[in-house]
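Peer 1: Mind having a look at this structure? Questions to follow.
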Amino acid sequence: MIGLELVVVLGMAVLLGNAAGDRFRIAPPVVLLVFGALLGFVPALREVELPPEAVLLIFLPVLLYWESLTTSLREIRRDLRGIILMSTLLVIGTAGAVATVAHELGLAWGPAWVLGAAVAPTDATAVGVLAKALPRRNVTLLRAESLINDGTALVVFGLAVGITVGEEHFTLPHVTWLFAVSYVGGAAAGAVTAWLVIRVRRVFDDPLLGNVAMILTPFTAYLLAELIHASGVLAAVAAGLIMSQAGPRVAGAAMRRQAEESWSLATFLLNGSLFVLVGLQAQAAVRELHGSELTHALIAVAAVSAVVVAARFAFNFSVPYLIRLLDRRPQQRLRRMNHRARVVTSIAGFRGAVSLAVALSVPTTLDSGAPFPDRDTIVFVTSGVIVTTLVVQGLLLPAVVRWARLPHDTSVEEERFLAETTATEEALKALPELVDDLGTAPAVAERMRQEYETHLLVVRAGGGDSDDEDEDVLRHHRHYTALRLALLAHKRATLVRLRDDHEIDDTVLRHVQRQLDIEEVRLSRRQAAE
């Protein structure tokens, strides 16, 4: 019964947490984390545990795949060097710094490195929610870093755990081989999976079957990578990036619309549920320690949180400036950020469910049968660092963004204007040839020409500095759209009345209403965009 209760509780928490976040202008993940911690006081929910396998094998593939599918590959290529350095060098440096501090606080080197690996990677889902208001380039850098750095952290974690339990030995060739297999194997597994899915989606015209293949994509990529002991995280990311380029060519409109709507809802629920579960697990971690152990662990949380943030600041204010000295090419100068933007990037290094899943994956015993040293402390400190970064940095980020005075990013609006005007202009140029090929009646062709020319006028009027004539065009279009929406509402009311009077069946109502809904969504979205 606890499973059904948990589903209802998680759903209510996600619903109320997001509503409260919007109402009080607090980032929803922060509210959801607090809700999860409060739910930990409910006796029935104290039995709930967040299995690491659930995060690593269920939540993570889906969320990372969707994040990579909706990330700009062009922006990743532009800043690839910085992304790779942050995903590897920064993660290893952070893990080492945390391990050093943890060792000074009393942990043996093995458990200290395990803790460092757990808290080193940033969380893609947290970054995607908390930093989405930043300019496009900043968001892309943060998301891309978060998508890739999990692979580095998991290699460091596996090595640290293996050495501690007695299964691994540290040698430079061995470590190099582990990283090579993780990255190259993960990317290859993702590429192979994407190649197979592209072939499958070309076979299936049914949107439902095509989207079943899409749902299987991240899990297949993750499984294939795990079979060759590579990074399942990187496999899911690689598959998503490839599908983001191939998707517009291999999927129909109905398949894309269904995928976007269903995946948006699914990832929203998974994201929200994950934050609640992290809060619930963090509260449970507090109960595992008592007295002096708890005091010592709280000190460790504060120290490790400070080190995590300091390492990120140190990296962002040292490595990029070193690159500037070594690379004086003009294109490198165009990629530079000012110090205020680097402060924002440093503050936006949130930790999340991946870190907790890694900590919970620590084995309970060594090869000798003895308990794994300081396992409870590792889980507690990791939970504390997650809460600290999400709550403190999440609440601090909006103020830092205002202080940074980042330039308003108009590139998306400019490129959208270019796309819509160019596409409509070329469609108008192709109209006579298409009319001849299809044998379209002149009256129909003229009607289509007028519709496209009107749309082009509206796009141009809303794309730049507007004069009185443009204002008239936009006003006319708004009135036209409002009238169309009012007529659709009237038609829908008529359909419901006919159904209530038993003149049409519910099946007929749903069929006709679906067409009205499609038109209303199209008109409403265009109106909102303008």
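Ligands are numbered from 1 in the order shown, chains are lettered A, B, ... in the order of the structure tokens, and residues start at 1 in each chain.
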Sorted by chain and rising residue number, which residues of range 265-284 of chain A lie within 7 Å of range 34-44 of chain A, and what are their closest atom pairs and distances in Å to one decimal, counting only C-alpha atoms, as JSON lines?
Peer 2:
{"residue": "A:Val276", "atom": "CA", "partner": "A:Gly36", "partner_atom": "CA", "distance": 4.3}
{"residue": "A:Leu277", "atom": "CA", "partner": "A:Gly36", "partner_atom": "CA", "distance": 6.0}
{"residue": "A:Val278", "atom": "CA", "partner": "A:Gly36", "partner_atom": "CA", "distance": 6.9}
{"residue": "A:Gly279", "atom": "CA", "partner": "A:Gly36", "partner_atom": "CA", "distance": 4.2}
{"residue": "A:Leu280", "atom": "CA", "partner": "A:Gly36", "partner_atom": "CA", "distance": 4.4}
{"residue": "A:Ala282", "atom": "CA", "partner": "A:Ala37", "partner_atom": "CA", "distance": 6.8}
{"residue": "A:Gln283", "atom": "CA", "partner": "A:Ala37", "partner_atom": "CA", "distance": 5.2}
{"residue": "A:Ala284", "atom": "CA", "partner": "A:Gly40", "partner_atom": "CA", "distance": 6.7}
Peer 1: I need the residues from that last selection saved to file as a tab-separated table (two decimals), in the first residue's frame (with C-alpha atoms), if you can.
Peer 2:
chain	number	residue	atom	x	y	z
A	276	VAL	CA	10.99	15.62	-3.24
A	277	LEU	CA	12.69	12.23	-2.85
A	278	VAL	CA	16.07	13.92	-2.37
A	279	GLY	CA	14.59	16.02	0.45
A	280	LEU	CA	13.01	12.92	1.96
A	282	ALA	CA	18.26	13.97	3.20
A	283	GLN	CA	15.96	14.01	6.22
A	284	ALA	CA	16.45	10.26	6.62
Peer 1: Counting only C-alpha atoms, what is within 10 Å of range 126-138 of chain A, bar same-chain residues fewer than 6 positions away, as a PyMOL selection string?
Peer 2: chain A and resi 26-30+67+71-72+75-76+78-79+144-146+268+271+275+335+337+341-342+344-345+348-353+390+393-395+397-398+401+406-412
Peer 1: Pick out the residues sitting within 9 Å of range 177-181 of chain A, and hand them over as a ChimeraX atom specification; count only C-alpha atoms, and ignore anything fewer than 5 positions along from it in its own chain.
Peer 2: /A:151-152,155-156,159,172,186,228-231
Peer 1: Store the residues picked out above in a file with all heavy atoms, as a PDB file, in the first residue's frame.
Peer 2:
ATOM      1  N   GLY A 151      29.813  11.341 -16.088  1.00  0.00           N
ATOM      2  CA  GLY A 151      30.668  10.235 -16.504  1.00  0.00           C
ATOM      3  C   GLY A 151      32.021  10.269 -15.816  1.00  0.00           C
ATOM      4  O   GLY A 151      32.536   9.237 -15.361  1.00  0.00           O
ATOM      5  N   THR A 152      32.618  11.460 -15.715  1.00  0.00           N
ATOM      6  CA  THR A 152      33.902  11.595 -15.022  1.00  0.00           C
ATOM      7  C   THR A 152      33.767  11.220 -13.552  1.00  0.00           C
ATOM      8  O   THR A 152      34.589  10.484 -12.996  1.00  0.00           O
ATOM      9  CB  THR A 152      34.412  13.040 -15.141  1.00  0.00           C
ATOM     10  OG1 THR A 152      34.491  13.403 -16.510  1.00  0.00           O
ATOM     11  CG2 THR A 152      35.782  13.183 -14.504  1.00  0.00           C
ATOM     12  N   VAL A 155      33.480   7.467 -12.928  1.00  0.00           N
ATOM     13  CA  VAL A 155      34.758   6.757 -13.053  1.00  0.00           C
ATOM     14  C   VAL A 155      35.584   6.941 -11.779  1.00  0.00           C
ATOM     15  O   VAL A 155      36.144   5.980 -11.232  1.00  0.00           O
ATOM     16  CB  VAL A 155      35.537   7.243 -14.286  1.00  0.00           C
ATOM     17  CG1 VAL A 155      36.950   6.652 -14.288  1.00  0.00           C
ATOM     18  CG2 VAL A 155      34.817   6.848 -15.563  1.00  0.00           C
ATOM     19  N   VAL A 156      35.676   8.181 -11.295  1.00  0.00           N
ATOM     20  CA  VAL A 156      36.418   8.453 -10.058  1.00  0.00           C
ATOM     21  C   VAL A 156      35.793   7.692  -8.890  1.00  0.00           C
ATOM     22  O   VAL A 156      36.498   7.101  -8.062  1.00  0.00           O
ATOM     23  CB  VAL A 156      36.445   9.969  -9.769  1.00  0.00           C
ATOM     24  CG1 VAL A 156      37.119  10.250  -8.431  1.00  0.00           C
ATOM     25  CG2 VAL A 156      37.161  10.710 -10.885  1.00  0.00           C
ATOM     26  N   LEU A 159      36.555   3.925  -9.111  1.00  0.00           N
ATOM     27  CA  LEU A 159      37.945   3.666  -8.768  1.00  0.00           C
ATOM     28  C   LEU A 159      38.160   3.788  -7.255  1.00  0.00           C
ATOM     29  O   LEU A 159      38.826   2.943  -6.644  1.00  0.00           O
ATOM     30  CB  LEU A 159      38.844   4.648  -9.515  1.00  0.00           C
ATOM     31  CG  LEU A 159      40.352   4.438  -9.402  1.00  0.00           C
ATOM     32  CD1 LEU A 159      40.755   3.089  -9.987  1.00  0.00           C
ATOM     33  CD2 LEU A 159      41.099   5.555 -10.107  1.00  0.00           C
ATOM     34  N   LEU A 172      48.555   4.558 -13.318  1.00  0.00           N
ATOM     35  CA  LEU A 172      48.205   5.533 -14.342  1.00  0.00           C
ATOM     36  C   LEU A 172      47.643   4.889 -15.605  1.00  0.00           C
ATOM     37  O   LEU A 172      46.620   5.355 -16.138  1.00  0.00           O
ATOM     38  CB  LEU A 172      49.426   6.406 -14.670  1.00  0.00           C
ATOM     39  CG  LEU A 172      49.161   7.572 -15.636  1.00  0.00           C
ATOM     40  CD1 LEU A 172      48.109   8.515 -15.061  1.00  0.00           C
ATOM     41  CD2 LEU A 172      50.459   8.327 -15.917  1.00  0.00           C
ATOM     42  N   GLY A 186      31.099   5.079 -24.142  1.00  0.00           N
ATOM     43  CA  GLY A 186      29.779   5.688 -23.947  1.00  0.00           C
ATOM     44  C   GLY A 186      29.305   6.426 -25.182  1.00  0.00           C
ATOM     45  O   GLY A 186      28.144   6.288 -25.604  1.00  0.00           O
ATOM     46  N   ILE A 228      29.374  -2.905 -21.988  1.00  0.00           N
ATOM     47  CA  ILE A 228      30.799  -2.825 -22.318  1.00  0.00           C
ATOM     48  C   ILE A 228      31.570  -2.052 -21.241  1.00  0.00           C
ATOM     49  O   ILE A 228      32.695  -1.621 -21.474  1.00  0.00           O
ATOM     50  CB  ILE A 228      31.015  -2.179 -23.700  1.00  0.00           C
ATOM     51  CG1 ILE A 228      30.449  -0.757 -23.731  1.00  0.00           C
ATOM     52  CG2 ILE A 228      30.376  -3.022 -24.790  1.00  0.00           C
ATOM     53  CD1 ILE A 228      30.753  -0.014 -25.025  1.00  0.00           C
ATOM     54  N   HIS A 229      30.921  -1.846 -20.075  1.00  0.00           N
ATOM     55  CA  HIS A 229      31.528  -1.164 -18.925  1.00  0.00           C
ATOM     56  C   HIS A 229      31.932   0.274 -19.270  1.00  0.00           C
ATOM     57  O   HIS A 229      32.956   0.780 -18.790  1.00  0.00           O
ATOM     58  CB  HIS A 229      32.737  -1.947 -18.417  1.00  0.00           C
ATOM     59  CG  HIS A 229      32.428  -3.361 -18.047  1.00  0.00           C
ATOM     60  ND1 HIS A 229      31.679  -3.691 -16.933  1.00  0.00           N
ATOM     61  CD2 HIS A 229      32.732  -4.539 -18.670  1.00  0.00           C
ATOM     62  CE1 HIS A 229      31.555  -5.009 -16.866  1.00  0.00           C
ATOM     63  NE2 HIS A 229      32.176  -5.544 -17.903  1.00  0.00           N
ATOM     64  N   ALA A 230      31.126   0.904 -20.103  1.00  0.00           N
ATOM     65  CA  ALA A 230      31.332   2.311 -20.452  1.00  0.00           C
ATOM     66  C   ALA A 230      30.327   3.163 -19.689  1.00  0.00           C
ATOM     67  O   ALA A 230      29.559   2.659 -18.866  1.00  0.00           O
ATOM     68  CB  ALA A 230      31.190   2.515 -21.954  1.00  0.00           C
ATOM     69  N   SER A 231      30.320   4.464 -19.956  1.00  0.00           N
ATOM     70  CA  SER A 231      29.438   5.382 -19.239  1.00  0.00           C
ATOM     71  C   SER A 231      28.044   5.396 -19.866  1.00  0.00           C
ATOM     72  O   SER A 231      27.866   5.868 -20.993  1.00  0.00           O
ATOM     73  CB  SER A 231      30.026   6.796 -19.255  1.00  0.00           C
ATOM     74  OG  SER A 231      29.102   7.717 -18.727  1.00  0.00           O
TER      75      SER A 231
END
Peer 1: Write out as a VMD selection string each polymer residue whose atoms come within 9 Å of Glu425 in chain A, counting only C-alpha atoms; drop sequence neighbours fewer than 4 positions from it.
Peer 2: chain A and resid 420 to 421 429 to 430 452 to 453 456
Peer 1: When you count only C-alpha atoms, which of these residues is closest to Leu107 in chain A: A:Arg23, A:Arg328, A:Arg199, A:Arg375?
Peer 2: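 Using only C-alpha atoms, the shortest distance to Leu107 in chain A belongs to A:Arg375.
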Peer 1: Using only C-alpha atoms, pick whichever of A:Leu523, A:Leu64, A:Val400, A:Ala194 has the shortest atom-to-atom distance to Gln245 in chain A.
Peer 2: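 Residue with the minimum atom-to-atom distance to Gln245 in chain A: A:Ala194.
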Peer 1: Interatomic distance between CA of Ala423 in chain A and CA of Gln450 in chain A?
Peer 2: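 Taking CA of Ala423 in chain A and CA of Gln450 in chain A, their separation equals 15.7 Å.
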Peer 1: Do you know which residues are at most 10 Å from Ala300 in chain A counting only C-alpha atoms, after dropping those on the same chain fewer than 4 positions away, and could you put them as a PDB file with all heavy atoms, in the first residue's frame?
Peer 2:
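Once everything was written out, this is result-v4.pdb:
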ATOM      1  N   VAL A  98      37.878  18.109  -2.168  1.00  0.00           N
ATOM      2  CA  VAL A  98      36.955  17.606  -1.141  1.00  0.00           C
ATOM      3  C   VAL A  98      37.588  16.448  -0.385  1.00  0.00           C
ATOM      4  O   VAL A  98      37.475  16.351   0.851  1.00  0.00           O
ATOM      5  CB  VAL A  98      35.618  17.175  -1.793  1.00  0.00           C
ATOM      6  CG1 VAL A  98      34.756  16.406  -0.787  1.00  0.00           C
ATOM      7  CG2 VAL A  98      34.868  18.379  -2.318  1.00  0.00           C
ATOM      8  N   VAL A 101      40.070  17.787   2.201  1.00  0.00           N
ATOM      9  CA  VAL A 101      39.398  18.360   3.373  1.00  0.00           C
ATOM     10  C   VAL A 101      38.765  17.260   4.221  1.00  0.00           C
ATOM     11  O   VAL A 101      38.857  17.270   5.465  1.00  0.00           O
ATOM     12  CB  VAL A 101      38.332  19.382   2.927  1.00  0.00           C
ATOM     13  CG1 VAL A 101      37.470  19.823   4.110  1.00  0.00           C
ATOM     14  CG2 VAL A 101      39.015  20.593   2.296  1.00  0.00           C
ATOM     15  N   ALA A 102      38.106  16.289   3.570  1.00  0.00           N
ATOM     16  CA  ALA A 102      37.471  15.201   4.309  1.00  0.00           C
ATOM     17  C   ALA A 102      38.506  14.374   5.066  1.00  0.00           C
ATOM     18  O   ALA A 102      38.262  13.919   6.195  1.00  0.00           O
ATOM     19  CB  ALA A 102      36.687  14.313   3.340  1.00  0.00           C
ATOM     20  N   LEU A 105      39.416  16.024   8.134  1.00  0.00           N
ATOM     21  CA  LEU A 105      38.339  15.947   9.125  1.00  0.00           C
ATOM     22  C   LEU A 105      38.200  14.552   9.723  1.00  0.00           C
ATOM     23  O   LEU A 105      37.292  14.318  10.534  1.00  0.00           O
ATOM     24  CB  LEU A 105      37.019  16.373   8.490  1.00  0.00           C
ATOM     25  CG  LEU A 105      36.912  17.859   8.114  1.00  0.00           C
ATOM     26  CD1 LEU A 105      35.608  18.128   7.362  1.00  0.00           C
ATOM     27  CD2 LEU A 105      36.989  18.738   9.363  1.00  0.00           C
ATOM     28  N   GLY A 106      39.053  13.607   9.282  1.00  0.00           N
ATOM     29  CA  GLY A 106      39.051  12.300   9.936  1.00  0.00           C
ATOM     30  C   GLY A 106      38.731  11.114   9.060  1.00  0.00           C
ATOM     31  O   GLY A 106      38.848   9.973   9.503  1.00  0.00           O
ATOM     32  N   LEU A 294      26.785  13.569  14.723  1.00  0.00           N
ATOM     33  CA  LEU A 294      25.973  14.526  13.973  1.00  0.00           C
ATOM     34  C   LEU A 294      26.655  15.891  13.918  1.00  0.00           C
ATOM     35  O   LEU A 294      26.694  16.534  12.864  1.00  0.00           O
ATOM     36  CB  LEU A 294      24.585  14.650  14.615  1.00  0.00           C
ATOM     37  CG  LEU A 294      23.602  15.612  13.945  1.00  0.00           C
ATOM     38  CD1 LEU A 294      23.364  15.218  12.491  1.00  0.00           C
ATOM     39  CD2 LEU A 294      22.281  15.651  14.707  1.00  0.00           C
ATOM     40  N   THR A 295      27.216  16.319  15.061  1.00  0.00           N
ATOM     41  CA  THR A 295      27.918  17.610  15.081  1.00  0.00           C
ATOM     42  C   THR A 295      29.107  17.596  14.132  1.00  0.00           C
ATOM     43  O   THR A 295      29.324  18.545  13.362  1.00  0.00           O
ATOM     44  CB  THR A 295      28.402  17.919  16.505  1.00  0.00           C
ATOM     45  OG1 THR A 295      27.282  17.924  17.399  1.00  0.00           O
ATOM     46  CG2 THR A 295      29.097  19.275  16.552  1.00  0.00           C
ATOM     47  N   HIS A 296      29.871  16.519  14.175  1.00  0.00           N
ATOM     48  CA  HIS A 296      31.039  16.394  13.301  1.00  0.00           C
ATOM     49  C   HIS A 296      30.603  16.379  11.831  1.00  0.00           C
ATOM     50  O   HIS A 296      31.260  17.006  10.973  1.00  0.00           O
ATOM     51  CB  HIS A 296      31.787  15.104  13.647  1.00  0.00           C
ATOM     52  CG  HIS A 296      33.092  14.963  12.939  1.00  0.00           C
ATOM     53  ND1 HIS A 296      34.211  15.690  13.271  1.00  0.00           N
ATOM     54  CD2 HIS A 296      33.441  14.172  11.885  1.00  0.00           C
ATOM     55  CE1 HIS A 296      35.211  15.357  12.465  1.00  0.00           C
ATOM     56  NE2 HIS A 296      34.775  14.435  11.611  1.00  0.00           N
ATOM     57  N   VAL A 304      32.720  20.992   3.299  1.00  0.00           N
ATOM     58  CA  VAL A 304      32.692  20.448   1.939  1.00  0.00           C
ATOM     59  C   VAL A 304      31.909  21.366   1.001  1.00  0.00           C
ATOM     60  O   VAL A 304      32.303  21.580  -0.153  1.00  0.00           O
ATOM     61  CB  VAL A 304      32.093  19.023   1.945  1.00  0.00           C
ATOM     62  CG1 VAL A 304      31.854  18.530   0.523  1.00  0.00           C
ATOM     63  CG2 VAL A 304      33.019  18.077   2.685  1.00  0.00           C
ATOM     64  N   SER A 305      30.801  21.931   1.482  1.00  0.00           N
ATOM     65  CA  SER A 305      30.035  22.868   0.650  1.00  0.00           C
ATOM     66  C   SER A 305      30.888  24.066   0.262  1.00  0.00           C
ATOM     67  O   SER A 305      30.867  24.521  -0.893  1.00  0.00           O
ATOM     68  CB  SER A 305      28.785  23.340   1.400  1.00  0.00           C
ATOM     69  OG  SER A 305      27.920  22.266   1.693  1.00  0.00           O
ATOM     70  N   ALA A 306      31.660  24.571   1.235  1.00  0.00           N
ATOM     71  CA  ALA A 306      32.534  25.713   0.942  1.00  0.00           C
ATOM     72  C   ALA A 306      33.614  25.328  -0.061  1.00  0.00           C
ATOM     73  O   ALA A 306      33.939  26.106  -0.975  1.00  0.00           O
ATOM     74  CB  ALA A 306      33.171  26.210   2.240  1.00  0.00           C
ATOM     75  N   THR A 377      28.378   8.652   7.126  1.00  0.00           N
ATOM     76  CA  THR A 377      28.875  10.031   7.024  1.00  0.00           C
ATOM     77  C   THR A 377      28.889  10.495   5.578  1.00  0.00           C
ATOM     78  O   THR A 377      28.537  11.647   5.277  1.00  0.00           O
ATOM     79  CB  THR A 377      30.291  10.122   7.630  1.00  0.00           C
ATOM     80  OG1 THR A 377      30.245   9.716   9.001  1.00  0.00           O
ATOM     81  CG2 THR A 377      30.820  11.546   7.531  1.00  0.00           C
ATOM     82  N   ILE A 378      29.294   9.614   4.664  1.00  0.00           N
ATOM     83  CA  ILE A 378      29.330   9.965   3.234  1.00  0.00           C
ATOM     84  C   ILE A 378      27.933  10.318   2.750  1.00  0.00           C
ATOM     85  O   ILE A 378      27.727  11.335   2.062  1.00  0.00           O
ATOM     86  CB  ILE A 378      29.919   8.802   2.410  1.00  0.00           C
ATOM     87  CG1 ILE A 378      31.404   8.625   2.743  1.00  0.00           C
ATOM     88  CG2 ILE A 378      29.722   9.049   0.916  1.00  0.00           C
ATOM     89  CD1 ILE A 378      32.012   7.374   2.124  1.00  0.00           C
ATOM     90  N   PHE A 380      25.338  11.262   4.565  1.00  0.00           N
ATOM     91  CA  PHE A 380      24.846  12.463   5.236  1.00  0.00           C
ATOM     92  C   PHE A 380      25.480  13.726   4.645  1.00  0.00           C
ATOM     93  O   PHE A 380      24.783  14.702   4.353  1.00  0.00           O
ATOM     94  CB  PHE A 380      25.152  12.388   6.738  1.00  0.00           C
ATOM     95  CG  PHE A 380      24.729  13.615   7.499  1.00  0.00           C
ATOM     96  CD1 PHE A 380      23.445  13.719   8.000  1.00  0.00           C
ATOM     97  CD2 PHE A 380      25.602  14.674   7.695  1.00  0.00           C
ATOM     98  CE1 PHE A 380      23.023  14.848   8.695  1.00  0.00           C
ATOM     99  CE2 PHE A 380      25.210  15.811   8.384  1.00  0.00           C
ATOM    100  CZ  PHE A 380      23.914  15.897   8.882  1.00  0.00           C
ATOM    101  N   VAL A 381      26.795  13.718   4.487  1.00  0.00           N
ATOM    102  CA  VAL A 381      27.475  14.916   3.971  1.00  0.00           C
ATOM    103  C   VAL A 381      27.030  15.197   2.536  1.00  0.00           C
ATOM    104  O   VAL A 381      26.811  16.359   2.168  1.00  0.00           O
ATOM    105  CB  VAL A 381      28.999  14.738   4.053  1.00  0.00           C
ATOM    106  CG1 VAL A 381      29.714  15.914   3.376  1.00  0.00           C
ATOM    107  CG2 VAL A 381      29.445  14.626   5.507  1.00  0.00           C
ATOM    108  N   THR A 382      26.895  14.167   1.739  1.00  0.00           N
ATOM    109  CA  THR A 382      26.417  14.371   0.363  1.00  0.00           C
ATOM    110  C   THR A 382      25.022  14.985   0.363  1.00  0.00           C
ATOM    111  O   THR A 382      24.742  15.933  -0.388  1.00  0.00           O
ATOM    112  CB  THR A 382      26.402  13.038  -0.403  1.00  0.00           C
ATOM    113  OG1 THR A 382      27.713  12.468  -0.400  1.00  0.00           O
ATOM    114  CG2 THR A 382      25.940  13.246  -1.839  1.00  0.00           C
ATOM    115  N   GLY A 384      23.700  16.779   2.717  1.00  0.00           N
ATOM    116  CA  GLY A 384      23.814  18.150   3.194  1.00  0.00           C
ATOM    117  C   GLY A 384      24.335  19.103   2.129  1.00  0.00           C
ATOM    118  O   GLY A 384      23.864  20.246   2.015  1.00  0.00           O
ATOM    119  N   VAL A 385      25.310  18.657   1.334  1.00  0.00           N
ATOM    120  CA  VAL A 385      25.846  19.500   0.266  1.00  0.00           C
ATOM    121  C   VAL A 385      24.779  19.763  -0.795  1.00  0.00           C
ATOM    122  O   VAL A 385      24.657  20.879  -1.315  1.00  0.00           O
ATOM    123  CB  VAL A 385      27.096  18.842  -0.359  1.00  0.00           C
ATOM    124  CG1 VAL A 385      27.540  19.599  -1.608  1.00  0.00           C
ATOM    125  CG2 VAL A 385      28.227  18.788   0.656  1.00  0.00           C
TER     126      VAL A 385
END
Peer 1: I need the alpha helix (DSSP H) residues of range 125-215 of chain A per DSSP on the backbone, written as JSON, numbers by chain.
Peer 2: {"A": [125, 126, 127, 128, 129, 130, 136, 137, 138, 139, 140, 141, 142, 143, 144, 145, 146, 147, 148, 149, 150, 151, 152, 153, 154, 155, 156, 157, 158, 159, 160, 161, 162, 163, 164, 165, 172, 173, 174, 175, 176, 177, 178, 179, 180, 186, 187, 188, 189, 190, 191, 192, 193, 194, 195, 196, 197, 198, 199, 200, 201, 202, 203, 207, 208, 209, 210, 211, 212, 213, 214, 215]}
Peer 1: I need the residues from that last selection saved to file as an mmCIF file, in the first residue's frame (with C-alpha atoms), if you can.
Peer 2:
data_model
loop_
_atom_site.group_PDB
_atom_site.id
_atom_site.type_symbol
_atom_site.label_atom_id
_atom_site.label_comp_id
_atom_site.auth_asym_id
_atom_site.auth_seq_id
_atom_site.Cartn_x
_atom_site.Cartn_y
_atom_site.Cartn_z
ATOM 1 C CA THR A 125 18.057 18.666 -13.911
ATOM 2 C CA ALA A 126 18.723 21.252 -11.206
ATOM 3 C CA VAL A 127 20.690 23.449 -13.599
ATOM 4 C CA GLY A 128 17.957 23.170 -16.222
ATOM 5 C CA VAL A 129 15.310 24.423 -13.787
ATOM 6 C CA LEU A 130 17.202 26.926 -11.655
ATOM 7 C CA ARG A 136 21.310 31.105 -23.912
ATOM 8 C CA ARG A 137 25.094 30.686 -23.943
ATOM 9 C CA ASN A 138 25.333 30.540 -20.141
ATOM 10 C CA VAL A 139 22.507 28.005 -19.935
ATOM 11 C CA THR A 140 24.055 25.838 -22.649
ATOM 12 C CA LEU A 141 27.453 25.850 -20.941
ATOM 13 C CA LEU A 142 25.943 24.841 -17.611
ATOM 14 C CA ARG A 143 23.672 22.180 -19.096
ATOM 15 C CA ALA A 144 26.390 20.671 -21.278
ATOM 16 C CA GLU A 145 28.806 20.560 -18.354
ATOM 17 C CA SER A 146 26.184 18.841 -16.198
ATOM 18 C CA LEU A 147 25.369 16.322 -18.923
ATOM 19 C CA ILE A 148 28.968 15.184 -19.356
ATOM 20 C CA ASN A 149 30.572 15.507 -15.927
ATOM 21 C CA ASP A 150 28.562 12.633 -14.442
ATOM 22 C CA GLY A 151 30.668 10.235 -16.504
ATOM 23 C CA THR A 152 33.902 11.595 -15.022
ATOM 24 C CA ALA A 153 32.527 11.483 -11.487
ATOM 25 C CA LEU A 154 31.310 7.899 -11.866
ATOM 26 C CA VAL A 155 34.758 6.757 -13.053
ATOM 27 C CA VAL A 156 36.418 8.453 -10.058
ATOM 28 C CA PHE A 157 33.756 6.986 -7.756
ATOM 29 C CA GLY A 158 34.179 3.460 -9.114
ATOM 30 C CA LEU A 159 37.945 3.666 -8.768
ATOM 31 C CA ALA A 160 37.749 5.044 -5.213
ATOM 32 C CA VAL A 161 35.251 2.395 -4.097
ATOM 33 C CA GLY A 162 37.232 -0.378 -5.791
ATOM 34 C CA ILE A 163 40.472 0.634 -4.073
ATOM 35 C CA THR A 164 38.721 0.950 -0.694
ATOM 36 C CA VAL A 165 37.044 -2.462 -0.824
ATOM 37 C CA LEU A 172 48.205 5.533 -14.342
ATOM 38 C CA PRO A 173 47.649 3.182 -17.324
ATOM 39 C CA HIS A 174 44.692 1.587 -15.554
ATOM 40 C CA VAL A 175 43.071 4.940 -14.759
ATOM 41 C CA THR A 176 43.672 6.151 -18.318
ATOM 42 C CA TRP A 177 42.046 3.004 -19.656
ATOM 43 C CA LEU A 178 39.000 3.459 -17.412
ATOM 44 C CA PHE A 179 38.483 7.022 -18.641
ATOM 45 C CA ALA A 180 38.998 6.013 -22.284
ATOM 46 C CA GLY A 186 29.779 5.688 -23.947
ATOM 47 C CA ALA A 187 29.819 7.949 -27.001
ATOM 48 C CA ALA A 188 30.005 4.923 -29.311
ATOM 49 C CA ALA A 189 27.095 3.201 -27.561
ATOM 50 C CA GLY A 190 25.007 6.357 -27.891
ATOM 51 C CA ALA A 191 25.899 6.740 -31.563
ATOM 52 C CA VAL A 192 25.035 3.114 -32.361
ATOM 53 C CA THR A 193 21.717 3.411 -30.517
ATOM 54 C CA ALA A 194 20.852 6.644 -32.328
ATOM 55 C CA TRP A 195 21.703 5.035 -35.687
ATOM 56 C CA LEU A 196 19.380 2.112 -34.950
ATOM 57 C CA VAL A 197 16.563 4.374 -33.742
ATOM 58 C CA ILE A 198 16.792 6.541 -36.876
ATOM 59 C CA ARG A 199 16.293 3.429 -39.016
ATOM 60 C CA VAL A 200 13.416 2.242 -36.854
ATOM 61 C CA ARG A 201 11.615 5.612 -36.919
ATOM 62 C CA ARG A 202 11.834 5.725 -40.695
ATOM 63 C CA VAL A 203 9.965 2.409 -40.802
ATOM 64 C CA PRO A 207 3.280 8.359 -34.095
ATOM 65 C CA LEU A 208 2.645 5.979 -31.194
ATOM 66 C CA LEU A 209 5.131 3.386 -32.456
ATOM 67 C CA GLY A 210 7.670 6.051 -33.301
ATOM 68 C CA ASN A 211 7.466 7.460 -29.800
ATOM 69 C CA VAL A 212 7.774 3.996 -28.258
ATOM 70 C CA ALA A 213 11.108 3.799 -30.079
ATOM 71 C CA MET A 214 11.984 7.227 -28.659
ATOM 72 C CA ILE A 215 11.173 6.107 -25.110
#
Peer 1: With distances taken over only C-alpha atoms, which of A:Gly166, A:Ile347, A:Val307, A:Leu241 is nearest to Arg77 in chain A?
Peer 2: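 Between A:Gly166, A:Ile347, A:Val307, A:Leu241, the residue approaching Arg77 in chain A most closely is A:Leu241.
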Peer 1: Neighbours of Gln332 in chain A within 12 Å (only C-alpha atoms; same-chain residues fewer than 4 positions away dropped), as a list in words?
Peer 2: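 Near Gln332 in chain A, the qualifying residues are Arg78, Asp79, Leu80, Arg81, Gly82, Pro320, Tyr321, Ile323, Arg324, Leu325, Leu326, Asp327, Arg328, Arg336 and Met337 of chain A.
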Peer 1: So how many Å separate CA of Asp501 in chain A and CA of Ala482 in chain A, to one decimal?
Peer 2: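 Distance between the two atoms: 28.8 Å.
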